[in-house]
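See structure below.
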Amino acid sequence: MNNYIKQFPDLCKGKKILYVHGFASSGQSGTVGRIREVFPNATVIAPDIPVKPQEAVELLNKVCAQEQPDLIIGTSMGGMYTEQLRGFDRICVNPALEIAETMKAHGMTGTQQFQNPRLDGVQEFYVDKALVKEYREVSEQRFEGLTDDDRQRVYGLFGDEDDLVDTFGMFAEHYPQAIHFHGEHRMNDHSFMHSVVPVVRWIDDRQAGRERPIVYIGIETLKDGYDKPAASSQKAVRQLIETYQVYFVGESDNSAWLEEYINVPAWQHTIYTPRRDLLYGDYLIEKGKKKGESMATRIEFGSDTFKTWDDIIDYFSLLGGQ
C-alpha cells in the first residue's frame, strides 16, 4: 500500500458503490482497485461500459435498478453518464458533459485501444462520425428531469489542472455542489484520497444520520510566519477529518489560502466570525486567548501543552474520536 492509500473499514460498510469508468477504460481499471482497497467492506460494482452510448445508458439503468447502489462514482465520460442516473447519491469527477466535442478536440476518433483489459477480451474499437453523433445525442440529455432533491445529492469534482475537460461552469449552473480539487483529468491516489474520500465521508455520514464531534480550527494556527502551512498542520487536518466534523474559523476571508492548502475539506466548512465564543461544538483550536468563554473545549495552539501540531495530533489520537 503506497503512502497515499489508507483503508477505511467503517466507511460505506455494507453498502454498494457503483463505479462508472471513463472513455476507453474498463471495470478492471486501477481506480476500481483503489476504491476496493480504501473501502474494503463495501461492495464495488464496476461493469465494462459498452462503447455505444445508448447501450451504455441502458446497461447502467439496468444495473441501478437491480443493485440499488448507495453511491455512484463516475469519472470523465463515466461522470457524464453518472450525472444522468437520477435518484442516487453521486460523485461526478471531471465529468465530460460535452463528450462529443472532447472526442473531436483531443483525437479520440478512429481506431482506439482500450487502456485496461475488458471481460469480453476486446482490445480495440473504432470511433467514426456516426458514433460521435450518438455520444452527442446522449450527452445532450444532461440535466434533464432534475428535481431540487436530486440537485442536493450530486457532487461535481473538477481538477484545477485538467487540460482535457472543463465543464465546471456548466455543472455549477445546475448543481450547487461543484468543487475544484488539486489534480489533473486522470484521478490518481493523491487526488482520490484528498478530494474524493472526504466527499464520500460526507455522503456516508448523511446516509447514516451520523453526527461526528465538531472541531473548530482557527485558520491562524494553520499558517507559519511566511503564510505557508505550519509544520504538520496539513497532516493534522487529514487525520482529524477522518473522525471529526472539522470547520475552519477566521475573522476575515481566507478562502484563497484554504483552497490552495486545505482544498476540498474546507469547502462549505469555513466560518468567518469575530465571536468564536458563540460557536457550538466540542473542540476549538486557536492561538492566544479570544474574548468570551468558548462553549467548546479550548486547545491553545503554541502553549506548553500544545506547542506544535504534532502535539495536537497525539492528543486527538488518544481521544480516539471522542
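If you're wondering about the labels, chains in the C-alpha cells are A, B, ... by order shown, residues count from 1 in each chain, ligands from 1 in order shown.
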#### Entry: Selection near segment 233-243 of chain A, 8 Å with only C-alpha atoms, sequence-local residues under 2 positions removed, as an MDAnalysis selection string
chainID A and resid 194 198 212:213 222 229:231 245:246 261:262 265 309:310 312:313 316 321
Find the nearest atom pair between each residue of segment 143-262 of chain A and segment 269-284 of chain A for residues within 10 Å, count only C-alpha atoms, give distances in Å to one decimal, sort rows by chain and ascending number, and present the table as a tab-separated table.
```
residue	atom	partner	partner_atom	distance
A:Arg212	CA	A:Asp282	CA	9.7
A:Pro213	CA	A:Asp282	CA	6.0
A:Ile214	CA	A:Gly281	CA	5.1
A:Val215	CA	A:Tyr283	CA	4.7
A:Tyr216	CA	A:Leu284	CA	4.7
A:Ile217	CA	A:Leu284	CA	6.0
A:Gly218	CA	A:Leu284	CA	7.5
A:Ile219	CA	A:Thr270	CA	9.4
A:Tyr244	CA	A:Asp282	CA	9.7
A:Gln245	CA	A:His269	CA	8.8
A:Val246	CA	A:His269	CA	7.0
A:Tyr247	CA	A:His269	CA	4.8
A:Phe248	CA	A:Thr270	CA	4.7
A:Val249	CA	A:Ile271	CA	4.8
A:Gly250	CA	A:Tyr272	CA	4.9
A:Glu251	CA	A:Thr273	CA	5.0
A:Ser252	CA	A:Tyr272	CA	6.1
A:Asp253	CA	A:Tyr272	CA	7.0
A:Asn254	CA	A:Tyr272	CA	8.9
A:Ser255	CA	A:Thr270	CA	8.3
A:Leu258	CA	A:Thr270	CA	8.9
```
### Pick from A:Gly79, A:Pro95, A:Gly30, A:Pro69 nearest to Pro117 of chain A, counting only C-alpha atoms
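The closest residue to Pro117 of chain A is A:Gly30.
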### Task
Skip Arg151 of chain A itself and residues of its chain fewer than 4 positions away, then list as a ChimeraX atom specification all residues within 12 Å of it, counting only C-alpha atoms.
/A:83-91,143-147,155-156,171-178
Neighbours of Gln28 of chain A within 9 Å (only C-alpha atoms; same-chain residues fewer than 6 positions away dropped), as a PDB file with all heavy atoms, in the first residue's frame?
```pdb
ATOM      1  N   ALA A  46     -18.503  -2.654 -10.843  1.00  0.00           N
ATOM      2  CA  ALA A  46     -17.796  -1.909 -11.889  1.00  0.00           C
ATOM      3  C   ALA A  46     -17.915  -2.635 -13.222  1.00  0.00           C
ATOM      4  O   ALA A  46     -17.018  -3.379 -13.631  1.00  0.00           O
ATOM      5  CB  ALA A  46     -16.323  -1.727 -11.509  1.00  0.00           C
ATOM      6  N   PRO A  47     -19.013  -2.429 -13.926  1.00  0.00           N
ATOM      7  CA  PRO A  47     -19.187  -3.108 -15.222  1.00  0.00           C
ATOM      8  C   PRO A  47     -18.335  -2.473 -16.313  1.00  0.00           C
ATOM      9  O   PRO A  47     -17.962  -1.299 -16.223  1.00  0.00           O
ATOM     10  CB  PRO A  47     -20.680  -2.898 -15.511  1.00  0.00           C
ATOM     11  CG  PRO A  47     -21.011  -1.605 -14.827  1.00  0.00           C
ATOM     12  CD  PRO A  47     -20.180  -1.588 -13.575  1.00  0.00           C
ATOM     13  N   ASP A  48     -18.030  -3.252 -17.330  1.00  0.00           N
ATOM     14  CA  ASP A  48     -17.440  -2.688 -18.543  1.00  0.00           C
ATOM     15  C   ASP A  48     -18.549  -1.930 -19.285  1.00  0.00           C
ATOM     16  O   ASP A  48     -19.580  -2.516 -19.618  1.00  0.00           O
ATOM     17  CB  ASP A  48     -16.892  -3.798 -19.440  1.00  0.00           C
ATOM     18  CG  ASP A  48     -15.652  -4.466 -18.859  1.00  0.00           C
ATOM     19  OD1 ASP A  48     -15.066  -3.900 -17.917  1.00  0.00           O
ATOM     20  OD2 ASP A  48     -15.289  -5.548 -19.345  1.00  0.00           O
ATOM     21  N   ASN A 116      -7.452  -0.671 -20.422  1.00  0.00           N
ATOM     22  CA  ASN A 116      -7.469  -1.737 -19.417  1.00  0.00           C
ATOM     23  C   ASN A 116      -8.175  -2.957 -20.001  1.00  0.00           C
ATOM     24  O   ASN A 116      -9.010  -2.831 -20.897  1.00  0.00           O
ATOM     25  CB  ASN A 116      -8.220  -1.270 -18.156  1.00  0.00           C
ATOM     26  CG  ASN A 116      -7.572  -0.048 -17.527  1.00  0.00           C
ATOM     27  OD1 ASN A 116      -6.524  -0.145 -16.909  1.00  0.00           O
ATOM     28  ND2 ASN A 116      -8.211   1.108 -17.683  1.00  0.00           N
ATOM     29  N   PRO A 117      -7.862  -4.149 -19.502  1.00  0.00           N
ATOM     30  CA  PRO A 117      -8.492  -5.372 -20.020  1.00  0.00           C
ATOM     31  C   PRO A 117     -10.010  -5.340 -19.837  1.00  0.00           C
ATOM     32  O   PRO A 117     -10.521  -4.838 -18.828  1.00  0.00           O
ATOM     33  CB  PRO A 117      -7.859  -6.478 -19.171  1.00  0.00           C
ATOM     34  CG  PRO A 117      -6.599  -5.890 -18.637  1.00  0.00           C
ATOM     35  CD  PRO A 117      -6.872  -4.435 -18.446  1.00  0.00           C
ATOM     36  N   ARG A 118     -10.719  -5.879 -20.809  1.00  0.00           N
ATOM     37  CA  ARG A 118     -12.174  -5.991 -20.743  1.00  0.00           C
ATOM     38  C   ARG A 118     -12.553  -7.459 -20.581  1.00  0.00           C
ATOM     39  O   ARG A 118     -11.833  -8.361 -21.045  1.00  0.00           O
ATOM     40  CB  ARG A 118     -12.804  -5.436 -22.027  1.00  0.00           C
ATOM     41  CG  ARG A 118     -12.346  -4.034 -22.408  1.00  0.00           C
ATOM     42  CD  ARG A 118     -13.262  -2.976 -21.942  1.00  0.00           C
ATOM     43  NE  ARG A 118     -14.558  -3.035 -22.607  1.00  0.00           N
ATOM     44  CZ  ARG A 118     -15.477  -2.064 -22.494  1.00  0.00           C
ATOM     45  NH1 ARG A 118     -15.216  -0.982 -21.760  1.00  0.00           N
ATOM     46  NH2 ARG A 118     -16.639  -2.167 -23.101  1.00  0.00           N
ATOM     47  N   LEU A 119     -13.676  -7.693 -19.945  1.00  0.00           N
ATOM     48  CA  LEU A 119     -14.091  -9.075 -19.699  1.00  0.00           C
ATOM     49  C   LEU A 119     -14.361  -9.832 -20.982  1.00  0.00           C
ATOM     50  O   LEU A 119     -14.208 -11.060 -21.035  1.00  0.00           O
ATOM     51  CB  LEU A 119     -15.342  -9.086 -18.808  1.00  0.00           C
ATOM     52  CG  LEU A 119     -15.137  -8.585 -17.373  1.00  0.00           C
ATOM     53  CD1 LEU A 119     -16.443  -8.643 -16.601  1.00  0.00           C
ATOM     54  CD2 LEU A 119     -14.057  -9.401 -16.657  1.00  0.00           C
TER      55      LEU A 119
END
```
### Message
Considering only C-alpha atoms, can you say which of A:Gln68, A:Ser26, A:Gln268, A:Ser317 comes closest to Asp120 of chain A?
### Response
A:Ser26
